[in-house]
Amino acid sequence: MNRLRSTLTDPLVLATLSILVLLAAGEALSPGFARGDQIVRLLVVSAILGLVAAGQSLVVIGGREGIDLSVGASISLGAVLAGNVMAGQDGSIFLAVLVAGGATFLIGLINGLGVTMLRIPPLVMTLGMTGVVQGALIVISRGIPSGNAAPALMAFVNRPLVFGLPGILILWALVGVLMWVLLRRTRLGYAIYAIGSNERAAELTGLPVRAIRTLLYGLSGLFAGLTGVIVIGYTGNSFVSVGDQYVLPSVIAVVIGGISLAGGQGNYFGAMLGAIALTLLTSVLTTLQLEFWGRQLIFGAVLLMLMLLYGRAGRLRA
Amino acid sequence: MTLLLKAESITKRYGAVVALSDGGLELEQGEIHALLGANGCGKSTLCKIIAGTVAKNSGTLSILGRAVEIGGPREAEALGVALFYQELSLVPQLSVADNIFLGREQRSGAGFLDARALRRDTEQLIARFAEVAGAGFSADALVSDLSPDQRQIVEILKVLARKPRIIIFDEATAALDRNQVALFFAILRELKAEGVSSIFITHRMDEVFEITDRITVMRNGATVARFVTAETDRQAVVHAMVGDVTALAERPAARPRSDKPARLVLESVGNKRVQQVSLSLRPGEIVGLGGLQGQGQSSLLQGLFGAAPFTSGTIRLDGEQVRISRPSHAIGKGIAYVSGDRGRDAAFHGRSIFENIAAASFSKERPAMVWPGRLRERFTKAAATLSTKYAGLSAPIGSLSGGNQQKIFIARWLATQPSVLLLDDPTKGIDLGAKADFFALARRLADEGAAILFYSSEDAELLSLCDRILVFNSGAVAGELEGEALTAYNLTNAAYGRAA
Amino acid sequence: MTPARTNPAMAALRNRVWLVTLSALIALFVINWILQPNLVTPNVLKSNLTVFLPVVLVAIGQSYVILGGDIDLSVGSIVALVNVVTVSVIAALGGGVPAIFAGIGAGILTGVACGLVNGLLIAGLRFQAIVTTFATGIIFGGLALRILPTAGLPVPAEYWRTYGGAVLGLPVVLWVLILALVIIAIIARRPFIKHLSAVGGLRQAAFQSGLPVARIRILAYVLAGLFAAFASLCLTGETASGDPLMGRLLALSSISAVVLGGAALAGGSGSAFGAVLGALVLGMIGNVIFFARFPFEYQTLIQGLITLLALAGGVLVARR
């Protein structure tokens, strides 16, 4: 009985079950919902969310109330920078990725330094950084949509590449493998769990806690910037608030996937499932023709339910 | 005599760890009652259960013969029970006055804070301590600005201000000097005359025989003996506390002093908490750090390990001067540090035993990639040297008992094959069996050439394991004992030598 | 044992970080005056206060939550929800003076209810404060959109005229500020404020001292909801209509104001009065940037940078 209960509350099992239930519900509501090409379309949307969630996962696993709310602004910055650098030219894609990734990596590092050296709570630091990046975006783009995706980039995101799957899905799978290697097969990965689980113990085993945590915020920025490049490939052009819609889902996806907001727990595979589950949920809600407010309500409720499952503090009376 | 408080067969578990298996206590009206036992025997847990801050799993509490359920500190206070918390219950950001009357502030008619009454009552309370409390002790001072002894006085006053009929003093004298203790005892006697009962926990046996009427002894989570203070002696009490003394092996015959060159030499190192400490440590030697708790022993080890680096003096390793300003420097040079405060300093909660062992090895060897398969055998071997009981390397650390967890954290360092071991009260709260395993291991490591600095809050451990003991007082070395001089009497004497 | 005593001058300053904030406020005021010579005229001062007031009020509520060691990210959404509830109730009841009072009452109740929900989830069910108020903020915002999908629905002229007018020779906005200061002065003299500081300073110690920790934290969230409602009613008087997206940036600016006012985000120190000063400083920074005639597109960036720097500085000063 206990065994059954712990299996059912295992985040991975829970996420997988909700994916299946949502697929069934979608198919019931609107036949064709779970058709092959529809699923590929949903996976592409999940992949975009999943890429941001990769950075968010690292920051959250790294502990000390780790959270990155500046990913939205970084996605927008990545998209705007990439769009302007590419300007529709295939030959400039590589440079665009470099510029977008470099700028957002830097922004992430600044977040990390604020969190580690100045000890500003991550939430406040990254929220404050959001304001700065949004200001910078207004300067860069003067508030008007600008930049164009290169055709090759759009094809990579939207057209089948191999086995009928778009390149973005191959990329996402690759990121999944890389994240597994990073977290489970490198010393850095073990260190990330260690600092997230017990910072003082990590220091006493010789880990450079601040440097690692700073790097995690940098990586989160980097993933967000690259997501921005994908986003402009998905939509074709960019505007200054294109990334805002990903902030909240990236946090929810991570929590659905069983990455505890207390840090030191969970893995990216869970966050990938979380991204798929959340995208499916949004899609089902859209099928239900639920308005924006209804979706917000359900998102909020899902987040609270996850808090009930995973995010409660201990009692004061032991 | 009337029986005021009775605690019977109290039990408390934290996950897999049993803190109390059979706690009991009988407190009479108007007595001062000592509650004694080694570290981790369950005294503090029992007291917190009586004071309502910890919930018991089973057992009964009764006051004046009536069974009571104490659901929280408020209910305890309503029953007239107050606890002096060993780790203190003061809010650093609030003033002395605010802390003393926290939750029972003087109010004016309209329910506003009555600042004048608060100040008047506080000054009345602190007036008694004015002469012994030292500078900066006033009603308006922030607790964060007070010295440890002053904070302890505030906690005492906070307890007294609640006018309880049962007071539990858990290590209330630990940071006090002699004059402060004398005043505290005078107050205790006055309370006793008024019919207030006190439970008194201390690490200083002299105080027990000076002030208490009766003694209850606990061992490994259970109450094991009761004495009337006037009818017993120190030896009988200590025997009850230690229990089956043979579990700790007797000290081996003095080993010939090794004439190898020193592995570690400290020359007047110091920082905020350690003053001008010099020592030298040879391979194969176990040197103890003794003295009362908190006299700089841990700080010396943490300084040497780079966790709270020294700001003056020099460190030499194998004759070569080294700079250690963070733990990774120390680890790179083959130094290992085992803390007794496992939960805070060592445990990666929620992670596997494998990861908990691997951390230090990774820091030392700095592999870019990790292949768990290849490391399993090595870590299994490291854990086996301490006969650790565990389900498998992938089981979570929390599934082990305290003693076995500590073995894992020691295995963490053994896997790095250290040449200098810093042991910071490593046996705190672990059972006797695990202690015996640990002692055998320490001796074997020394025989194999490791140099060991060993701090223990228990004198018996130091005496049975160490070749020499440096006795600390106020952050400095107050004396050194060696050979024939290594006796409990000398150790206690040296510890109190300049104290107070 | 080494005594942990510090320089008394530093210690005195540490507990009066608001003095630094006050100096900054005066300096900014002088700079603003130089850049904008007509600053010190009743009309300009009044319009400035009208702009600053919502942040001031939200920051006061936020300061109690932060003093208790928690945080409230949902205050912006509470402002929006209270606004749409107020204008909808007024419209539904026909827009007369009684309808206005009913609307204001409904708005205040809404704010208190939102605070109560936050408090119960966080202190009662022991949810983590940051993510929980993040989530409830989404829910409150969603409800606001449900009640009023798009901006519009004007309030009766009596409402905004009164808010923009004067009583006993003083502008109503000034009366609101005075009233708010009186409320925080009253709260500052209640035992509650000591209990809240204790809960935020060292929760375990507060519990061991017998304080009803959960009830105290819930009350702090209710105060945050209440002051968010006040802020919303002021904003409604200023904009004279309903807007479900009102107050989006208030969560961050209120937190910034509280930090600028000398509070530690970890809880246990700081004051509502400091938060008022912090909010005024934030507003004056905006003014100075505007009147310094930076190119328009740079203003958001500069405001963002200064806010971030102020946050970093505030955190550093409060830690000393």
# chains A, B, ... in the order shown; residues from 1 in each chain; ligands from 1

call {"tool": "interface_residues", "arguments": {"of": "chain A", "to": "chain C", "cutoff": "9 Å", "atoms": "only C-alpha atoms", "output": "MDAnalysis selection string"}}
result
chainID A and resid 65 114 118:121 123:125 127:140 142:143 248 261 291:304 307:308 311:317

call {"tool": "residues_around", "arguments": {"residues": "A:Val85", "least_positions_apart": "3", "cutoff": "12 Å", "atoms": "only C-alpha atoms", "output": "list in words"}}
result
Leu77, Gly78, Ala79, Val80, Leu81, Ala82, Gly88, Gln89, Asp90, Gly91, Ser92, Ile93, Phe94, Leu95, Ala96, Val97, Leu98, Val99, Ala100, Ser146, Gly147, Asn148, Ala149, Ala150, Val229 and Ile232 of chain A

call {"tool": "write_last_selection", "arguments": {"atoms": "N, CA and C atoms", "output": "short mmCIF file (atom, residue, chain, number, x, y, z; two decimals), in the first residue's frame"}}
result
data_model
loop_
_atom_site.label_atom_id
_atom_site.label_comp_id
_atom_site.auth_asym_id
_atom_site.auth_seq_id
_atom_site.Cartn_x
_atom_site.Cartn_y
_atom_site.Cartn_z
N LEU A 77 15.45 39.03 -25.55
CA LEU A 77 16.71 39.62 -25.98
C LEU A 77 17.38 38.73 -27.02
N GLY A 78 17.40 37.40 -26.74
CA GLY A 78 17.99 36.46 -27.69
C GLY A 78 17.30 36.56 -29.04
N ALA A 79 15.96 36.61 -29.01
CA ALA A 79 15.20 36.65 -30.26
C ALA A 79 15.48 37.94 -31.03
N VAL A 80 15.45 39.07 -30.32
CA VAL A 80 15.66 40.36 -30.99
C VAL A 80 17.07 40.46 -31.55
N LEU A 81 18.06 40.06 -30.72
CA LEU A 81 19.45 40.12 -31.19
C LEU A 81 19.64 39.21 -32.39
N ALA A 82 19.16 37.95 -32.25
CA ALA A 82 19.34 37.00 -33.35
C ALA A 82 18.65 37.50 -34.61
N GLY A 88 17.38 37.67 -41.90
CA GLY A 88 16.89 36.83 -42.98
C GLY A 88 17.95 36.09 -43.77
N GLN A 89 19.21 36.20 -43.38
CA GLN A 89 20.29 35.57 -44.13
C GLN A 89 20.70 34.24 -43.49
N ASP A 90 20.68 33.16 -44.27
CA ASP A 90 21.10 31.86 -43.76
C ASP A 90 22.54 31.88 -43.26
N GLY A 91 23.38 32.64 -43.97
CA GLY A 91 24.81 32.64 -43.65
C GLY A 91 25.11 33.22 -42.28
N SER A 92 24.17 33.99 -41.73
CA SER A 92 24.44 34.66 -40.45
C SER A 92 23.88 33.92 -39.26
N ILE A 93 23.33 32.72 -39.48
CA ILE A 93 22.70 32.01 -38.37
C ILE A 93 23.69 31.75 -37.24
N PHE A 94 24.86 31.26 -37.61
CA PHE A 94 25.84 30.90 -36.59
C PHE A 94 26.21 32.11 -35.74
N LEU A 95 26.45 33.23 -36.44
CA LEU A 95 26.81 34.46 -35.74
C LEU A 95 25.66 34.89 -34.82
N ALA A 96 24.44 34.73 -35.32
CA ALA A 96 23.27 35.12 -34.53
C ALA A 96 23.19 34.31 -33.24
N VAL A 97 23.42 32.99 -33.36
CA VAL A 97 23.40 32.13 -32.18
C VAL A 97 24.47 32.59 -31.20
N LEU A 98 25.63 32.91 -31.72
CA LEU A 98 26.76 33.33 -30.89
C LEU A 98 26.43 34.62 -30.13
N VAL A 99 25.90 35.59 -30.85
CA VAL A 99 25.59 36.89 -30.24
C VAL A 99 24.49 36.73 -29.19
N ALA A 100 23.41 36.04 -29.58
CA ALA A 100 22.28 35.87 -28.66
C ALA A 100 22.72 35.11 -27.41
N SER A 146 11.28 43.83 -34.89
CA SER A 146 12.39 43.99 -35.82
C SER A 146 13.07 42.64 -35.99
N GLY A 147 13.88 42.53 -37.02
CA GLY A 147 14.65 41.32 -37.26
C GLY A 147 13.82 40.29 -37.99
N ASN A 148 14.52 39.45 -38.74
CA ASN A 148 13.86 38.40 -39.49
C ASN A 148 14.60 37.10 -39.31
N ALA A 149 13.86 36.02 -39.21
CA ALA A 149 14.51 34.72 -39.12
C ALA A 149 15.03 34.32 -40.49
N ALA A 150 16.17 33.61 -40.49
CA ALA A 150 16.68 33.07 -41.74
C ALA A 150 15.81 31.88 -42.14
N VAL A 229 16.47 32.29 -29.97
CA VAL A 229 16.79 32.03 -31.37
C VAL A 229 15.76 31.07 -31.97
N ILE A 232 12.38 32.82 -32.55
CA ILE A 232 12.28 33.62 -33.77
C ILE A 232 12.20 32.70 -34.99
#

call {"tool": "interface_residues", "arguments": {"of": "chain B", "to": "chain C", "cutoff": "6 Å", "atoms": "only C-alpha atoms", "output": "ChimeraX atom specification"}}
result
/B:73-74,89-91,103,112-113,145,147,474

call {"tool": "closest_atom_pairs", "arguments": {"of": "chain B", "to": "chain A", "cutoff": "6 Å", "atoms": "only C-alpha atoms", "output": "CSV"}}
result
residue,atom,partner,partner_atom,distance
B:Thr53,CA,A:Arg317,CA,5.3
B:Val54,CA,A:Ala318,CA,4.9
B:Pro327,CA,A:Gly206,CA,4.8
B:Ser328,CA,A:Gly206,CA,4.0
B:Asp345,CA,A:Ala201,CA,4.5
B:Ala346,CA,A:Ala201,CA,4.6
B:Phe348,CA,A:Ser197,CA,5.3
B:His349,CA,A:Ser197,CA,5.8
B:Ala360,CA,A:Thr205,CA,5.1
B:Ser363,CA,A:Gly206,CA,5.9
B:Ala368,CA,A:Arg187,CA,5.6
B:Met369,CA,A:Thr186,CA,4.2
B:Val370,CA,A:Arg185,CA,4.6

call {"tool": "residues_around", "arguments": {"residues": "B:Ser399", "least_positions_apart": "3", "cutoff": "10 Å", "atoms": "only C-alpha atoms", "output": "list in words"}}
result
Gly15, Ala16, Val17, Gly350, Ser352, Ile353, Tyr390, Ala391, Ala395, Pro396, Gly402, Asn404 and Gln405 of chain B

call {"tool": "select_by_dssp", "arguments": {"residues": "stretch 96-255 of chain A", "states": "strand (DSSP E or B)", "output": "list in words"}}
result
Ser146, Gly147, Asn148, Pro160, Leu161, Val162, Leu165, Pro166, Thr186, Asn237 and Ser238 of chain A

call {"tool": "write_last_selection", "arguments": {"atoms": "C-alpha atoms", "output": "compact mmCIF listing (two decimals), in the first residue's frame"}}
result
# COMPACT_ATOMS: atom_id res chain seq x y z
CA SER A 146 12.39 43.99 -35.82
CA GLY A 147 14.65 41.32 -37.26
CA ASN A 148 13.86 38.40 -39.49
CA PRO A 160 10.58 17.62 -40.85
CA LEU A 161 14.30 16.93 -40.91
CA VAL A 162 14.78 13.21 -40.22
CA LEU A 165 10.75 14.99 -37.09
CA PRO A 166 11.80 18.65 -37.18
CA THR A 186 30.55 14.91 -14.64
CA ASN A 237 10.10 37.65 -36.37
CA SER A 238 10.61 39.00 -32.89

call {"tool": "atom_distance", "arguments": {"atom1": "atom CA of B:Arg128", "atom2": "atom CA of B:Asp213"}}
result
24.9 Å

call {"tool": "residues_around", "arguments": {"residues": "stretch 23-38 of chain A", "least_positions_apart": "6", "cutoff": "10 Å", "atoms": "only C-alpha atoms", "output": "number ranges by chain"}}
result
A: 17, 44, 164-165, 277, 280-281, 283-288

call {"tool": "atom_distance", "arguments": {"atom1": "atom CA of A:Ile192", "atom2": "atom CA of B:Ser339"}}
result
21.9 Å

call {"tool": "residues_around", "arguments": {"residues": "stretch 86-99 of chain C", "least_positions_apart": "5", "cutoff": "6 Å", "atoms": "only C-alpha atoms", "output": "list in words"}}
result
Ile104, Gly107, Pro156 and Gly242 of chain C

call {"tool": "residues_around", "arguments": {"residues": "B:Leu301", "least_positions_apart": "5", "cutoff": "8 Å", "atoms": "only C-alpha atoms", "output": "JSON, numbers by chain"}}
result
{"B": [337, 422, 423, 424, 453]}

call {"tool": "write_last_selection", "arguments": {"atoms": "C-alpha atoms", "output": "mmCIF file, in the first residue's frame"}}
result
data_model
loop_
_atom_site.group_PDB
_atom_site.id
_atom_site.type_symbol
_atom_site.label_atom_id
_atom_site.label_comp_id
_atom_site.auth_asym_id
_atom_site.auth_seq_id
_atom_site.Cartn_x
_atom_site.Cartn_y
_atom_site.Cartn_z
ATOM 1 C CA TYR B 337 37.894 17.154 8.398
ATOM 2 C CA LEU B 422 40.994 16.603 11.825
ATOM 3 C CA LEU B 423 38.254 15.120 13.992
ATOM 4 C CA ASP B 424 35.861 17.709 15.390
ATOM 5 C CA LEU B 453 44.034 15.919 15.723
#

call {"tool": "residues_around", "arguments": {"residues": "B:Arg323", "least_positions_apart": "4", "cutoff": "10 Å", "atoms": "only C-alpha atoms", "output": "list in words"}}
result
Leu304, Gly306, Pro309, Phe310, Thr314, Ile315, Arg316, Leu317, His329 and Ala330 of chain B

call {"tool": "atom_distance", "arguments": {"atom1": "atom CA of B:Tyr455", "atom2": "atom CA of B:Lys407"}}
result
17.0 Å

call {"tool": "closest_residue", "arguments": {"among": "B:Ala308, B:Ala434, B:Ala347, B:Ala442", "to": "B:Ser387", "atoms": "only C-alpha atoms"}}
result
B:Ala434

call {"tool": "decode", "arguments": {"residues": "stretch 79-179 of chain A", "atoms": "C-alpha atoms", "output": "mmCIF file, in the first residue's frame"}}
result
data_model
loop_
_atom_site.group_PDB
_atom_site.id
_atom_site.type_symbol
_atom_site.label_atom_id
_atom_site.label_comp_id
_atom_site.auth_asym_id
_atom_site.auth_seq_id
_atom_site.Cartn_x
_atom_site.Cartn_y
_atom_site.Cartn_z
ATOM 1 C CA ALA A 79 15.203 36.648 -30.261
ATOM 2 C CA VAL A 80 15.657 40.356 -30.993
ATOM 3 C CA LEU A 81 19.447 40.118 -31.187
ATOM 4 C CA ALA A 82 19.342 36.998 -33.350
ATOM 5 C CA GLY A 83 16.683 38.511 -35.596
ATOM 6 C CA ASN A 84 18.718 41.644 -36.158
ATOM 7 C CA VAL A 85 21.996 39.807 -36.714
ATOM 8 C CA MET A 86 20.445 37.259 -39.106
ATOM 9 C CA ALA A 87 18.242 39.737 -40.962
ATOM 10 C CA GLY A 88 16.886 36.825 -42.977
ATOM 11 C CA GLN A 89 20.287 35.570 -44.132
ATOM 12 C CA ASP A 90 21.104 31.857 -43.759
ATOM 13 C CA GLY A 91 24.811 32.636 -43.646
ATOM 14 C CA SER A 92 24.443 34.663 -40.454
ATOM 15 C CA ILE A 93 22.696 32.011 -38.372
ATOM 16 C CA PHE A 94 25.840 30.899 -36.594
ATOM 17 C CA LEU A 95 26.814 34.455 -35.736
ATOM 18 C CA ALA A 96 23.265 35.124 -34.532
ATOM 19 C CA VAL A 97 23.403 32.130 -32.175
ATOM 20 C CA LEU A 98 26.757 33.330 -30.889
ATOM 21 C CA VAL A 99 25.595 36.889 -30.237
ATOM 22 C CA ALA A 100 22.285 35.871 -28.655
ATOM 23 C CA GLY A 101 23.854 33.160 -26.493
ATOM 24 C CA GLY A 102 26.822 35.305 -25.487
ATOM 25 C CA ALA A 103 24.703 38.273 -24.401
ATOM 26 C CA THR A 104 22.250 36.219 -22.382
ATOM 27 C CA PHE A 105 25.018 34.106 -20.827
ATOM 28 C CA LEU A 106 26.532 37.365 -19.590
ATOM 29 C CA ILE A 107 23.221 38.532 -18.185
ATOM 30 C CA GLY A 108 22.876 35.222 -16.400
ATOM 31 C CA LEU A 109 26.357 35.568 -14.931
ATOM 32 C CA ILE A 110 25.429 38.998 -13.583
ATOM 33 C CA ASN A 111 22.359 37.419 -11.979
ATOM 34 C CA GLY A 112 24.634 34.795 -10.480
ATOM 35 C CA LEU A 113 27.058 37.371 -9.122
ATOM 36 C CA GLY A 114 24.205 39.340 -7.566
ATOM 37 C CA VAL A 115 22.900 36.188 -5.929
ATOM 38 C CA THR A 116 26.245 34.846 -4.707
ATOM 39 C CA MET A 117 28.388 37.906 -4.019
ATOM 40 C CA LEU A 118 25.717 40.415 -2.951
ATOM 41 C CA ARG A 119 23.377 37.709 -1.617
ATOM 42 C CA ILE A 120 20.324 39.279 -3.190
ATOM 43 C CA PRO A 121 17.518 36.698 -3.106
ATOM 44 C CA PRO A 122 17.377 35.080 -6.568
ATOM 45 C CA LEU A 123 13.766 35.999 -7.100
ATOM 46 C CA VAL A 124 14.403 39.680 -6.489
ATOM 47 C CA MET A 125 17.667 39.725 -8.426
ATOM 48 C CA THR A 126 16.239 38.078 -11.519
ATOM 49 C CA LEU A 127 13.048 40.131 -11.355
ATOM 50 C CA GLY A 128 15.162 43.290 -11.127
ATOM 51 C CA MET A 129 17.274 42.072 -14.035
ATOM 52 C CA THR A 130 14.099 41.587 -16.055
ATOM 53 C CA GLY A 131 13.464 45.329 -15.792
ATOM 54 C CA VAL A 132 16.981 46.134 -16.962
ATOM 55 C CA VAL A 133 16.855 43.765 -19.943
ATOM 56 C CA GLN A 134 13.434 45.030 -20.951
ATOM 57 C CA GLY A 135 14.851 48.555 -20.842
ATOM 58 C CA ALA A 136 17.764 47.474 -22.989
ATOM 59 C CA LEU A 137 15.356 45.855 -25.456
ATOM 60 C CA ILE A 138 13.487 49.119 -25.878
ATOM 61 C CA VAL A 139 16.802 50.829 -26.625
ATOM 62 C CA ILE A 140 17.809 48.148 -29.134
ATOM 63 C CA SER A 141 14.544 47.836 -31.007
ATOM 64 C CA ARG A 142 12.917 51.196 -30.245
ATOM 65 C CA GLY A 143 9.794 49.289 -29.402
ATOM 66 C CA ILE A 144 8.965 48.075 -32.903
ATOM 67 C CA PRO A 145 9.114 44.456 -34.047
ATOM 68 C CA SER A 146 12.391 43.988 -35.822
ATOM 69 C CA GLY A 147 14.647 41.320 -37.259
ATOM 70 C CA ASN A 148 13.860 38.404 -39.492
ATOM 71 C CA ALA A 149 14.511 34.720 -39.116
ATOM 72 C CA ALA A 150 16.684 33.068 -41.743
ATOM 73 C CA PRO A 151 14.768 30.540 -43.882
ATOM 74 C CA ALA A 152 17.047 27.680 -42.812
ATOM 75 C CA LEU A 153 16.306 28.402 -39.156
ATOM 76 C CA MET A 154 12.568 28.408 -39.786
ATOM 77 C CA ALA A 155 12.863 25.113 -41.635
ATOM 78 C CA PHE A 156 14.891 23.651 -38.774
ATOM 79 C CA VAL A 157 12.154 24.496 -36.300
ATOM 80 C CA ASN A 158 9.043 23.831 -38.373
ATOM 81 C CA ARG A 159 9.841 21.321 -41.175
ATOM 82 C CA PRO A 160 10.579 17.622 -40.854
ATOM 83 C CA LEU A 161 14.297 16.929 -40.908
ATOM 84 C CA VAL A 162 14.785 13.214 -40.216
ATOM 85 C CA PHE A 163 12.147 10.490 -39.723
ATOM 86 C CA GLY A 164 9.523 13.181 -40.176
ATOM 87 C CA LEU A 165 10.752 14.987 -37.088
ATOM 88 C CA PRO A 166 11.797 18.645 -37.181
ATOM 89 C CA GLY A 167 15.390 19.476 -36.258
ATOM 90 C CA ILE A 168 14.267 21.177 -33.090
ATOM 91 C CA LEU A 169 13.112 17.831 -31.663
ATOM 92 C CA ILE A 170 16.468 16.244 -32.455
ATOM 93 C CA LEU A 171 18.106 19.218 -30.770
ATOM 94 C CA TRP A 172 15.881 18.819 -27.714
ATOM 95 C CA ALA A 173 16.707 15.132 -27.425
ATOM 96 C CA LEU A 174 20.377 16.055 -27.696
ATOM 97 C CA VAL A 175 20.001 18.634 -24.936
ATOM 98 C CA GLY A 176 18.305 15.950 -22.836
ATOM 99 C CA VAL A 177 21.276 13.631 -23.294
ATOM 100 C CA LEU A 178 23.751 16.421 -22.610
ATOM 101 C CA MET A 179 21.932 17.427 -19.445
#
